[in-house]
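Student: Okay, so here is structure23.tsv, and as you'll see once you scroll down, it has TSV, C-alpha atoms.
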```tsv
chain	number	residue	atom	x	y	z
A	1	ILE	CA	171.54	220.42	98.02
A	2	LEU	CA	169.07	223.02	99.30
A	3	ALA	CA	166.26	220.50	99.83
A	4	PRO	CA	166.57	220.51	103.67
A	5	VAL	CA	166.48	224.33	103.64
A	6	PHE	CA	163.22	224.33	101.65
A	7	VAL	CA	161.77	221.69	103.97
A	8	ALA	CA	162.78	223.73	107.02
A	9	VAL	CA	161.27	226.91	105.55
A	10	VAL	CA	157.94	225.18	104.89
A	11	LEU	CA	157.88	223.63	108.37
A	12	ALA	CA	158.82	226.98	109.92
A	13	TYR	CA	155.86	228.59	108.15
A	14	LEU	CA	153.64	225.85	109.57
A	15	MET	CA	154.89	226.31	113.13
A	16	GLN	CA	154.92	230.11	112.92
A	17	GLY	CA	151.14	229.97	113.00
A	18	VAL	CA	151.30	228.04	116.29
A	19	ALA	CA	153.82	230.51	117.73
A	20	ASN	CA	151.63	233.47	116.72
A	21	PHE	CA	148.59	231.82	118.30
A	22	LEU	CA	150.45	231.32	121.59
A	23	ARG	CA	151.77	234.89	121.54
A	24	HIS	CA	148.27	236.24	121.06
A	25	ARG	CA	147.26	234.23	124.14
A	26	GLY	CA	149.78	236.14	126.24
A	27	LEU	CA	152.86	233.90	126.20
A	28	PRO	CA	156.26	235.58	125.70
A	29	ALA	CA	157.80	235.27	122.24
A	30	GLU	CA	160.63	233.00	123.46
A	31	VAL	CA	158.21	230.66	125.23
A	32	SER	CA	155.93	230.55	122.17
A	33	VAL	CA	158.84	229.59	119.94
A	34	GLY	CA	159.99	226.96	122.45
A	35	VAL	CA	156.54	225.38	122.71
A	36	SER	CA	156.15	225.43	118.91
A	37	THR	CA	159.53	223.75	118.53
A	38	LEU	CA	158.63	221.05	121.07
A	39	LEU	CA	155.34	220.38	119.29
A	40	PHE	CA	157.16	220.15	115.97
A	41	LEU	CA	159.79	217.78	117.36
A	42	SER	CA	157.10	215.59	118.92
A	43	GLY	CA	155.23	215.31	115.62
A	44	PHE	CA	158.45	214.91	113.62
A	45	PHE	CA	159.76	211.99	115.66
A	46	ALA	CA	156.29	210.44	116.01
A	47	PHE	CA	156.18	210.29	112.21
A	48	LEU	CA	159.78	209.10	111.98
A	49	LEU	CA	159.45	206.33	114.57
A	50	GLY	CA	155.77	205.45	114.22
A	51	LEU	CA	154.26	206.02	110.79
A	52	ALA	CA	157.38	205.81	108.62
A	53	PRO	CA	158.31	202.20	109.63
A	54	LEU	CA	154.69	201.07	109.06
A	55	VAL	CA	154.60	202.68	105.62
A	56	TRP	CA	157.98	201.15	104.76
A	57	ARG	CA	156.81	197.65	105.76
A	58	GLN	CA	153.68	198.02	103.65
A	59	LEU	CA	155.73	199.30	100.71
A	60	MET	CA	158.03	196.27	100.91
A	61	ALA	CA	155.01	193.97	101.16
A	62	LEU	CA	153.55	195.62	98.05
A	63	VAL	CA	156.84	195.13	96.19
A	64	ARG	CA	156.83	191.42	97.13
A	65	GLU	CA	153.19	191.10	96.11
A	66	ALA	CA	153.63	192.95	92.81
A	67	PRO	CA	154.62	189.88	90.68
A	68	ALA	CA	151.48	188.01	91.77
A	69	MET	CA	149.33	191.07	91.06
A	70	ILE	CA	150.90	191.43	87.63
A	71	GLU	CA	150.19	187.77	86.88
A	72	VAL	CA	146.54	188.20	87.85
A	73	GLY	CA	146.38	191.24	85.60
A	74	ARG	CA	147.96	189.30	82.74
A	75	ARG	CA	145.37	186.53	83.07
A	76	ALA	CA	142.60	189.12	83.04
A	77	LEU	CA	144.06	190.63	79.86
A	78	VAL	CA	144.15	187.24	78.13
A	79	THR	CA	140.41	186.81	78.61
A	80	LEU	CA	139.53	190.19	77.08
A	81	PRO	CA	139.37	189.00	73.41
A	82	GLU	CA	136.95	186.23	74.45
A	83	GLU	CA	134.70	188.45	76.55
A	84	TYR	CA	134.85	191.59	74.38
A	85	PRO	CA	135.83	190.48	70.85
A	86	VAL	CA	134.51	193.69	69.31
A	87	LEU	CA	136.79	195.89	71.43
A	88	PHE	CA	139.94	193.77	71.80
A	89	THR	CA	141.88	191.45	69.50
A	90	GLN	CA	144.40	188.82	70.49
A	91	GLN	CA	147.17	190.77	68.75
A	92	GLN	CA	146.40	193.89	70.81
A	93	VAL	CA	146.50	191.89	74.03
A	94	ASN	CA	149.80	190.24	73.06
A	95	GLU	CA	151.37	193.61	72.27
A	96	LEU	CA	150.13	195.11	75.54
A	97	THR	CA	151.43	192.13	77.52
A	98	ALA	CA	154.85	192.44	75.87
A	99	VAL	CA	155.00	196.16	76.69
A	100	ILE	CA	154.09	195.49	80.34
A	101	GLN	CA	156.74	192.78	80.66
A	102	THR	CA	159.37	195.07	79.15
A	103	GLU	CA	158.45	197.94	81.47
A	104	MET	CA	158.47	195.69	84.55
A	105	ALA	CA	161.93	194.40	83.62
A	106	SER	CA	163.14	198.00	83.33
A	107	ILE	CA	161.62	198.88	86.69
A	108	GLY	CA	163.26	195.86	88.30
A	109	GLN	CA	166.66	196.85	86.90
A	110	LEU	CA	166.11	200.40	88.14
A	111	LEU	CA	165.30	199.16	91.65
A	112	VAL	CA	168.47	197.06	91.74
A	113	THR	CA	170.56	200.02	90.58
A	114	LYS	CA	168.96	202.34	93.13
A	115	GLY	CA	169.44	199.78	95.87
A	116	LEU	CA	173.17	199.53	95.22
A	117	SER	CA	173.57	203.31	95.28
A	118	SER	CA	171.29	203.98	98.26
A	119	ILE	CA	173.97	204.10	100.99
A	120	PRO	CA	174.90	207.76	100.36
A	121	SER	CA	171.18	208.60	100.34
A	122	VAL	CA	170.73	206.92	103.72
A	123	LEU	CA	173.62	208.90	105.19
A	124	ALA	CA	172.22	212.12	103.71
A	125	THR	CA	168.81	211.34	105.21
A	126	ILE	CA	170.37	210.91	108.65
A	127	VAL	CA	172.06	214.29	108.30
A	128	TYR	CA	168.77	215.87	107.19
A	129	VAL	CA	166.98	214.44	110.23
A	130	ILE	CA	169.46	216.32	112.41
A	131	LEU	CA	169.68	219.54	110.38
A	132	ILE	CA	166.00	220.15	109.64
A	133	PRO	CA	164.81	220.49	113.27
A	134	LEU	CA	167.75	222.81	114.02
A	135	MET	CA	166.98	225.03	111.04
A	136	VAL	CA	163.28	225.13	111.91
A	137	PHE	CA	164.13	226.28	115.45
A	138	PHE	CA	166.43	229.07	114.24
A	139	PHE	CA	164.00	230.17	111.51
A	140	LEU	CA	161.36	230.55	114.23
A	141	LYS	CA	163.66	232.11	116.82
A	142	ASP	CA	165.54	234.56	114.57
A	143	ARG	CA	162.84	235.23	111.99
A	144	GLU	CA	162.92	239.02	112.31
A	145	GLN	CA	166.74	239.18	112.35
A	146	LEU	CA	166.94	237.09	109.18
A	147	ILE	CA	164.37	239.25	107.40
A	148	ASN	CA	166.11	242.47	108.48
A	149	TRP	CA	169.48	241.10	107.37
A	150	PHE	CA	168.13	240.29	103.93
A	151	ALA	CA	166.33	243.66	103.71
A	152	GLY	CA	169.67	245.40	104.34
A	153	PHE	CA	170.74	244.48	100.81
A	154	LEU	CA	167.71	246.21	99.29
A	155	PRO	CA	167.10	249.93	98.68
A	156	LYS	CA	165.78	251.84	101.69
A	157	LYS	CA	162.84	253.23	99.73
A	158	ARG	CA	161.10	250.24	98.21
A	159	PRO	CA	157.29	250.64	98.36
A	160	LEU	CA	156.70	248.27	95.45
A	161	LEU	CA	158.99	245.58	96.88
A	162	ASP	CA	157.42	245.96	100.33
A	163	SER	CA	153.95	245.52	98.87
A	164	ILE	CA	155.02	242.45	96.91
A	165	TRP	CA	156.83	240.98	99.95
A	166	ARG	CA	153.78	241.36	102.18
A	167	GLU	CA	151.67	239.60	99.58
A	168	LEU	CA	154.30	236.88	99.09
A	169	ASN	CA	154.78	236.28	102.82
A	170	GLN	CA	151.04	236.13	103.48
A	171	GLN	CA	150.36	233.78	100.58
A	172	PHE	CA	153.25	231.45	101.41
A	173	ALA	CA	152.22	231.33	105.08
A	174	ASN	CA	148.54	230.72	104.34
A	175	TYR	CA	149.30	228.15	101.67
A	176	ALA	CA	151.93	226.21	103.62
A	177	ARG	CA	149.82	226.05	106.78
A	178	GLY	CA	146.65	225.25	104.88
A	179	LYS	CA	148.30	222.50	102.86
A	180	GLY	CA	149.93	221.04	105.96
A	181	ILE	CA	146.57	220.79	107.71
A	182	GLU	CA	144.91	219.43	104.56
A	183	VAL	CA	147.58	216.73	104.13
A	184	VAL	CA	147.11	215.54	107.73
A	185	ILE	CA	143.29	215.56	107.65
A	186	VAL	CA	142.91	213.91	104.23
A	187	GLY	CA	145.66	211.36	104.90
A	188	ALA	CA	144.30	210.42	108.34
A	189	ALA	CA	140.69	210.21	107.11
A	190	THR	CA	141.73	208.04	104.16
A	191	TYR	CA	143.74	205.71	106.40
A	192	VAL	CA	140.82	205.29	108.83
A	193	VAL	CA	138.34	204.59	106.01
A	194	PHE	CA	140.65	202.10	104.28
A	195	ALA	CA	141.40	200.39	107.61
A	196	ILE	CA	137.65	200.04	108.29
A	197	PHE	CA	137.28	198.24	104.95
A	198	SER	CA	140.43	196.16	105.74
A	199	LEU	CA	142.07	197.36	102.54
A	200	ASN	CA	145.67	196.22	102.21
A	201	TYR	CA	148.42	198.84	102.49
A	202	ALA	CA	146.01	201.29	104.17
A	203	ALA	CA	148.79	203.39	105.75
A	204	LEU	CA	150.79	203.59	102.50
A	205	LEU	CA	147.74	204.54	100.45
A	206	GLY	CA	146.58	207.00	103.11
A	207	LEU	CA	149.97	208.72	102.99
A	208	LEU	CA	149.88	208.88	99.19
A	209	VAL	CA	146.36	210.31	99.16
A	210	GLY	CA	147.34	212.86	101.81
A	211	LEU	CA	150.41	213.98	99.85
A	212	SER	CA	148.42	214.09	96.62
A	213	VAL	CA	146.56	217.21	97.76
A	214	ILE	CA	149.82	219.15	97.37
A	215	VAL	CA	149.32	219.01	93.60
A	216	PRO	CA	145.78	220.27	92.89
A	217	TYR	CA	143.68	218.18	90.48
A	218	ILE	CA	146.66	216.27	89.05
A	219	GLY	CA	147.63	214.64	92.36
A	220	ALA	CA	144.13	213.33	93.08
A	221	THR	CA	143.88	211.92	89.56
A	222	LEU	CA	147.21	210.09	89.73
A	223	VAL	CA	146.77	208.64	93.23
A	224	THR	CA	143.37	207.19	92.27
A	225	ILE	CA	145.15	204.61	90.11
A	226	PRO	CA	147.00	202.73	92.90
A	227	VAL	CA	143.92	202.92	95.15
A	228	LEU	CA	141.74	201.26	92.51
A	229	VAL	CA	144.42	198.73	91.56
A	230	VAL	CA	144.95	197.58	95.16
A	231	ALA	CA	141.19	197.42	95.79
A	232	TYR	CA	140.61	195.48	92.58
A	233	PHE	CA	143.30	192.88	93.23
A	234	GLN	CA	142.11	192.40	96.82
A	235	PHE	CA	138.33	192.36	96.33
A	236	GLY	CA	137.77	191.91	92.61
A	237	VAL	CA	134.63	193.35	91.03
A	238	THR	CA	132.54	192.87	94.18
A	239	PRO	CA	130.42	195.14	96.41
A	240	ASP	CA	133.47	195.66	98.65
A	241	PHE	CA	135.36	197.18	95.73
A	242	TYR	CA	132.54	199.61	95.03
A	243	TRP	CA	132.25	200.50	98.73
A	244	VAL	CA	135.96	201.34	98.87
A	245	PHE	CA	135.77	203.38	95.68
A	246	GLY	CA	132.63	205.18	96.90
A	247	ALA	CA	134.20	206.03	100.26
A	248	TYR	CA	137.35	207.29	98.52
A	249	ALA	CA	135.23	209.43	96.17
A	250	VAL	CA	133.38	210.92	99.16
A	251	ILE	CA	136.71	211.89	100.76
A	252	GLN	CA	137.82	213.62	97.56
A	253	ILE	CA	134.49	215.44	97.23
A	254	LEU	CA	134.54	216.63	100.85
A	255	ASP	CA	138.15	217.75	100.46
A	256	GLY	CA	137.46	219.80	97.34
A	257	ASN	CA	134.11	221.27	98.35
A	258	VAL	CA	134.33	221.64	102.15
A	259	LEU	CA	137.89	221.43	103.48
A	260	VAL	CA	139.69	223.49	100.82
A	261	PRO	CA	137.25	226.44	101.00
A	262	LEU	CA	137.56	226.46	104.80
A	263	LEU	CA	141.37	226.36	104.81
A	264	PHE	CA	141.99	228.71	101.88
A	265	SER	CA	139.17	231.21	102.30
A	266	GLU	CA	141.73	234.05	102.53
A	267	ALA	CA	143.67	233.01	99.45
A	268	VAL	CA	143.22	234.72	96.13
A	269	ASP	CA	140.99	232.67	93.85
A	270	LEU	CA	142.64	231.26	90.75
A	271	HIS	CA	140.92	229.65	87.80
A	272	PRO	CA	141.51	225.85	87.60
A	273	VAL	CA	143.22	226.32	84.22
A	274	ALA	CA	145.59	228.85	85.79
A	275	ILE	CA	146.36	226.37	88.59
A	276	VAL	CA	147.16	223.55	86.16
A	277	ILE	CA	149.36	225.84	84.05
A	278	ALA	CA	151.16	227.06	87.19
A	279	VAL	CA	151.76	223.48	88.36
A	280	LEU	CA	153.20	222.47	84.97
A	281	PHE	CA	155.31	225.62	84.58
A	282	PHE	CA	156.82	225.90	88.06
A	283	GLY	CA	157.07	222.12	88.40
A	284	GLY	CA	159.11	222.05	85.21
A	285	LEU	CA	161.38	224.77	86.59
A	286	TRP	CA	161.92	223.58	90.18
A	287	GLY	CA	160.53	220.08	90.43
A	288	VAL	CA	158.67	219.09	93.61
A	289	TRP	CA	159.10	222.49	95.26
A	290	GLY	CA	157.83	224.25	92.17
A	291	VAL	CA	154.75	222.03	92.29
A	292	PHE	CA	154.24	222.69	96.01
A	293	PHE	CA	154.49	226.46	95.66
A	294	ALA	CA	152.77	226.69	92.27
A	295	ILE	CA	149.64	228.37	93.63
A	296	PRO	CA	151.36	230.98	95.84
A	297	LEU	CA	153.84	231.71	93.05
A	298	ALA	CA	151.00	232.17	90.58
A	299	THR	CA	149.32	234.45	93.10
A	300	LEU	CA	152.60	236.33	93.48
A	301	VAL	CA	152.79	236.87	89.72
A	302	ASN	CA	149.24	238.20	89.83
A	303	ALA	CA	150.16	240.49	92.76
A	304	ILE	CA	153.19	241.85	90.87
A	305	LEU	CA	151.09	242.58	87.82
A	306	SER	CA	148.45	244.27	89.99
A	307	ALA	CA	150.98	246.34	91.96
A	308	TRP	CA	153.03	247.35	88.93
A	309	PRO	CA	152.44	251.03	88.12
A	310	ALA	CA	150.15	251.36	85.15
A	311	ARG	CA	151.51	253.37	82.24
A	312	GLU	CA	149.23	256.27	81.51
A	313	VAL	CA	148.40	256.64	77.85
A	314	THR	CA	147.80	260.22	76.79
A	315	PRO	CA	145.48	260.98	73.87
A	316	GLY	CA	147.23	261.11	70.53
A	317	THR	CA	150.10	258.73	71.47
```
How does the structure come out when it is put into structure tokens?
Tutor:
Amino acid sequence: ILAPVFVAVVLAYLMQGVANFLRHRGLPAEVSVGVSTLLFLSGFFAFLLGLAPLVWRQLMALVREAPAMIEVGRRALVTLPEEYPVLFTQQQVNELTAVIQTEMASIGQLLVTKGLSSIPSVLATIVYVILIPLMVFFFLKDREQLINWFAGFLPKKRPLLDSIWRELNQQFANYARGKGIEVVIVGAATYVVFAIFSLNYAALLGLLVGLSVIVPYIGATLVTIPVLVVAYFQFGVTPDFYWVFGAYAVIQILDGNVLVPLLFSEAVDLHPVAIVIAVLFFGGLWGVWGVFFAIPLATLVNAILSAWPAREVTPGT
């Protein structure tokens, strides 16, 4: 129910950076908000009318191509006992083939069920397309009024809460803006590279790779599977396959070692284990939004623990 509100809040954080930049260049606050809103609407409808239809067409093409790809995979599995008799037996291959067929039948049934019940989702999406830009505009325009209204319900003297709020606001803003920029750069770079190699479904895979950066470590690992599968079924084990995989690996390396440090230089460093635990914990609590905000929420927990008054222990107690 609150999904469009969360989307609008994230987008408002993204555009607030643009509004602040314009204000610092001397534009009035109202003009800065108006320009930011126009830029957001331009990008929003460019995605809606340009990229989204292309991705949808490629997704449908992939769905139509899936049975043929599965058949090629099945034939490759059948040859494994002959090529690698020490590692694979015919019984293992038969069991694996049966499991795959069962899972594909379940997926097909799920798609049919979802297709029959998709009309309410389409109507809800249309409503979201109208509501989200409106909420983004008002979040930008009335930001201070909304914050002051919420603060009116809190105690007047709240130094600890004020300290935590400043940390929370800064981390959410930095993280949302940084992730937004990272998604666009990584997704666009991946699409261009895949298009250069004439890889099928380049726009769809580019979008998936771009969105995968939202979930640190786990997202990149999961999205590698469809990239390799599509490249394998298109090129086979050829130099083109290795070129695609190498280019994709370079993108991931540059993202992790160059882009992320540049975008998140002001963020509090967290150990990779802490990041994975935060993703699992908050993702289990709040789904996609818990995953998206796992790092700032983990940083918030750290800020609360740091700001919490330490209990002095006197000798002898």
Student: Tell me, in Å to one decimal, how far CA of Val136 in chain A is from CA of Tyr13 in chain A.
Tutor: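 If I compute the distance from CA of Val136 in chain A to CA of Tyr13 in chain A, I get 9.0 Å.
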Student: Go through range 188-226 of chain A and flag each residue having an atom no more than 9 Å from range 56-69 of chain A; for those, report the closest pair of atoms plus their distance in Å to one decimal, using all atoms listed in the file, ordered by chain and rising number, as a Markdown table.
Tutor:
```
| residue | atom | partner | partner_atom | distance |
| --- | --- | --- | --- | --- |
| A:Asn200 | CA | A:Gln58 | CA | 8.3 |
| A:Tyr201 | CA | A:Gln58 | CA | 5.4 |
| A:Ala202 | CA | A:Gln58 | CA | 8.4 |
| A:Ala203 | CA | A:Gln58 | CA | 7.6 |
| A:Leu204 | CA | A:Gln58 | CA | 6.4 |
```
Student: Give me, as a Markdown table, each residue of range 20-100 of chain A that comes within 10 Å of range 140-152 of chain A, together with its shortest interatomic pair and the distance in Å at one decimal, counting all atoms listed in the file, with rows ordered by chain and rising residue number.
Tutor:
```
| residue | atom | partner | partner_atom | distance |
| --- | --- | --- | --- | --- |
| A:Ala29 | CA | A:Lys141 | CA | 8.6 |
| A:Glu30 | CA | A:Lys141 | CA | 7.4 |
| A:Ser32 | CA | A:Lys141 | CA | 9.5 |
| A:Val33 | CA | A:Lys141 | CA | 6.3 |
| A:Gly34 | CA | A:Lys141 | CA | 8.5 |
| A:Ser36 | CA | A:Leu140 | CA | 8.7 |
| A:Thr37 | CA | A:Leu140 | CA | 8.3 |
```
Student: Emit the selected residues as a PDB file, in the frame of the given file, including C-alpha atoms.
Tutor:
```pdb
ATOM      1  CA  ALA A  29     157.800 235.270 122.240  1.00  0.00           C
ATOM      2  CA  GLU A  30     160.630 233.000 123.460  1.00  0.00           C
ATOM      3  CA  SER A  32     155.930 230.550 122.170  1.00  0.00           C
ATOM      4  CA  VAL A  33     158.840 229.590 119.940  1.00  0.00           C
ATOM      5  CA  GLY A  34     159.990 226.960 122.450  1.00  0.00           C
ATOM      6  CA  SER A  36     156.150 225.430 118.910  1.00  0.00           C
ATOM      7  CA  THR A  37     159.530 223.750 118.530  1.00  0.00           C
TER       8      THR A  37
END
```
Student: Once 6 Å is added on each side, what centre and edge lengths in Å to one decimal does the axis-aligned box around all listed atoms of range 295-305 of chain A have, as JSON?
Tutor:
```
{"center_x": 151.5, "center_y": 235.5, "center_z": 91.8, "size_x": 16.6, "size_y": 26.2, "size_z": 20.0}
```
Student: How far is it from CA of Leu14 in chain A to CA of Ala173 in chain A, in Å with one decimal?
Tutor: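 Between CA of Leu14 in chain A and CA of Ala173 in chain A the gap is 7.2 Å.
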Student: For CA of Ser212 in chain A and CA of Thr224 in chain A, determine how far apart the two atoms are, in Å to one decimal place.
Tutor: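 CA of Thr224 in chain A lies 9.6 Å from CA of Ser212 in chain A.
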Student: From the options A:Asp240, A:Val93, A:Phe293, A:Leu254, which residue's atoms come nearest to Ser198 in chain A, counting only C-alpha atoms?
Tutor: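 Closest residue, counting only C-alpha atoms: A:Asp240.
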Student: I'd like the neighbourhood of Arg177 in chain A as a PyMOL selection string, where a residue qualifies if any of its atoms comes within 12 Å (using only C-alpha atoms), though same-chain residues fewer than 6 positions away should be ignored.
Tutor: chain A and resi 9-18+170-171+183-184+214+263-264+267
Student: Would you write out those residues with C-alpha atoms, as a tab-separated table (two decimals), in the coordinates of the input?
Tutor:
```tsv
chain	number	residue	atom	x	y	z
A	9	VAL	CA	161.27	226.91	105.55
A	10	VAL	CA	157.94	225.18	104.89
A	11	LEU	CA	157.88	223.63	108.37
A	12	ALA	CA	158.82	226.98	109.92
A	13	TYR	CA	155.86	228.59	108.15
A	14	LEU	CA	153.64	225.85	109.57
A	15	MET	CA	154.89	226.31	113.13
A	16	GLN	CA	154.92	230.11	112.92
A	17	GLY	CA	151.14	229.97	113.00
A	18	VAL	CA	151.30	228.04	116.29
A	170	GLN	CA	151.04	236.13	103.48
A	171	GLN	CA	150.36	233.78	100.58
A	183	VAL	CA	147.58	216.73	104.13
A	184	VAL	CA	147.11	215.54	107.73
A	214	ILE	CA	149.82	219.15	97.37
A	263	LEU	CA	141.37	226.36	104.81
A	264	PHE	CA	141.99	228.71	101.88
A	267	ALA	CA	143.67	233.01	99.45
```
Student: A:Trp289, A:Phe194, A:Tyr217, A:Phe282: which is nearest Tyr248 in chain A, counting only C-alpha atoms?
Tutor: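 Nearest candidate to Tyr248 in chain A out of A:Trp289, A:Phe194, A:Tyr217, A:Phe282: A:Phe194.
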Student: Go through A:Leu96, A:Ala3, A:Val31, A:Leu208 one by one, measure the shortest atom-to-atom distance of each to Val78 in chain A using only C-alpha atoms, and give the residue with the smallest value.
Tutor: A:Leu96
Student: Which residues are near Glu95 in chain A? Cut-off 12 Å, only C-alpha atoms, ignore same chain within fewer than 6 positions. Put them as a list in words.
Tutor: Arg74, Leu77, Val78, Phe88, Thr89, Gln101 and Thr102 of chain A
Student: Restricting it to C-alpha atoms, dump the selection as a PDB file, in the coordinates of the input.
Tutor:
```pdb
ATOM      1  CA  ARG A  74     147.960 189.300  82.740  1.00  0.00           C
ATOM      2  CA  LEU A  77     144.060 190.630  79.860  1.00  0.00           C
ATOM      3  CA  VAL A  78     144.150 187.240  78.130  1.00  0.00           C
ATOM      4  CA  PHE A  88     139.940 193.770  71.800  1.00  0.00           C
ATOM      5  CA  THR A  89     141.880 191.450  69.500  1.00  0.00           C
ATOM      6  CA  GLN A 101     156.740 192.780  80.660  1.00  0.00           C
ATOM      7  CA  THR A 102     159.370 195.070  79.150  1.00  0.00           C
TER       8      THR A 102
END
```
Student: Have a look at A:Gly246, A:Ile218, A:Tyr128, A:Asn94 and name the one nearest to Thr79 in chain A; count all atoms listed in the file.
Tutor: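 Residue with the minimum atom-to-atom distance to Thr79 in chain A: A:Asn94.
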Student: Compare A:Leu259, A:Val250, A:Ile164, A:Ile70 by their minimum atom-to-atom distance to Val230 in chain A, counting only C-alpha atoms, and give me the closest one.
Tutor: A:Ile70
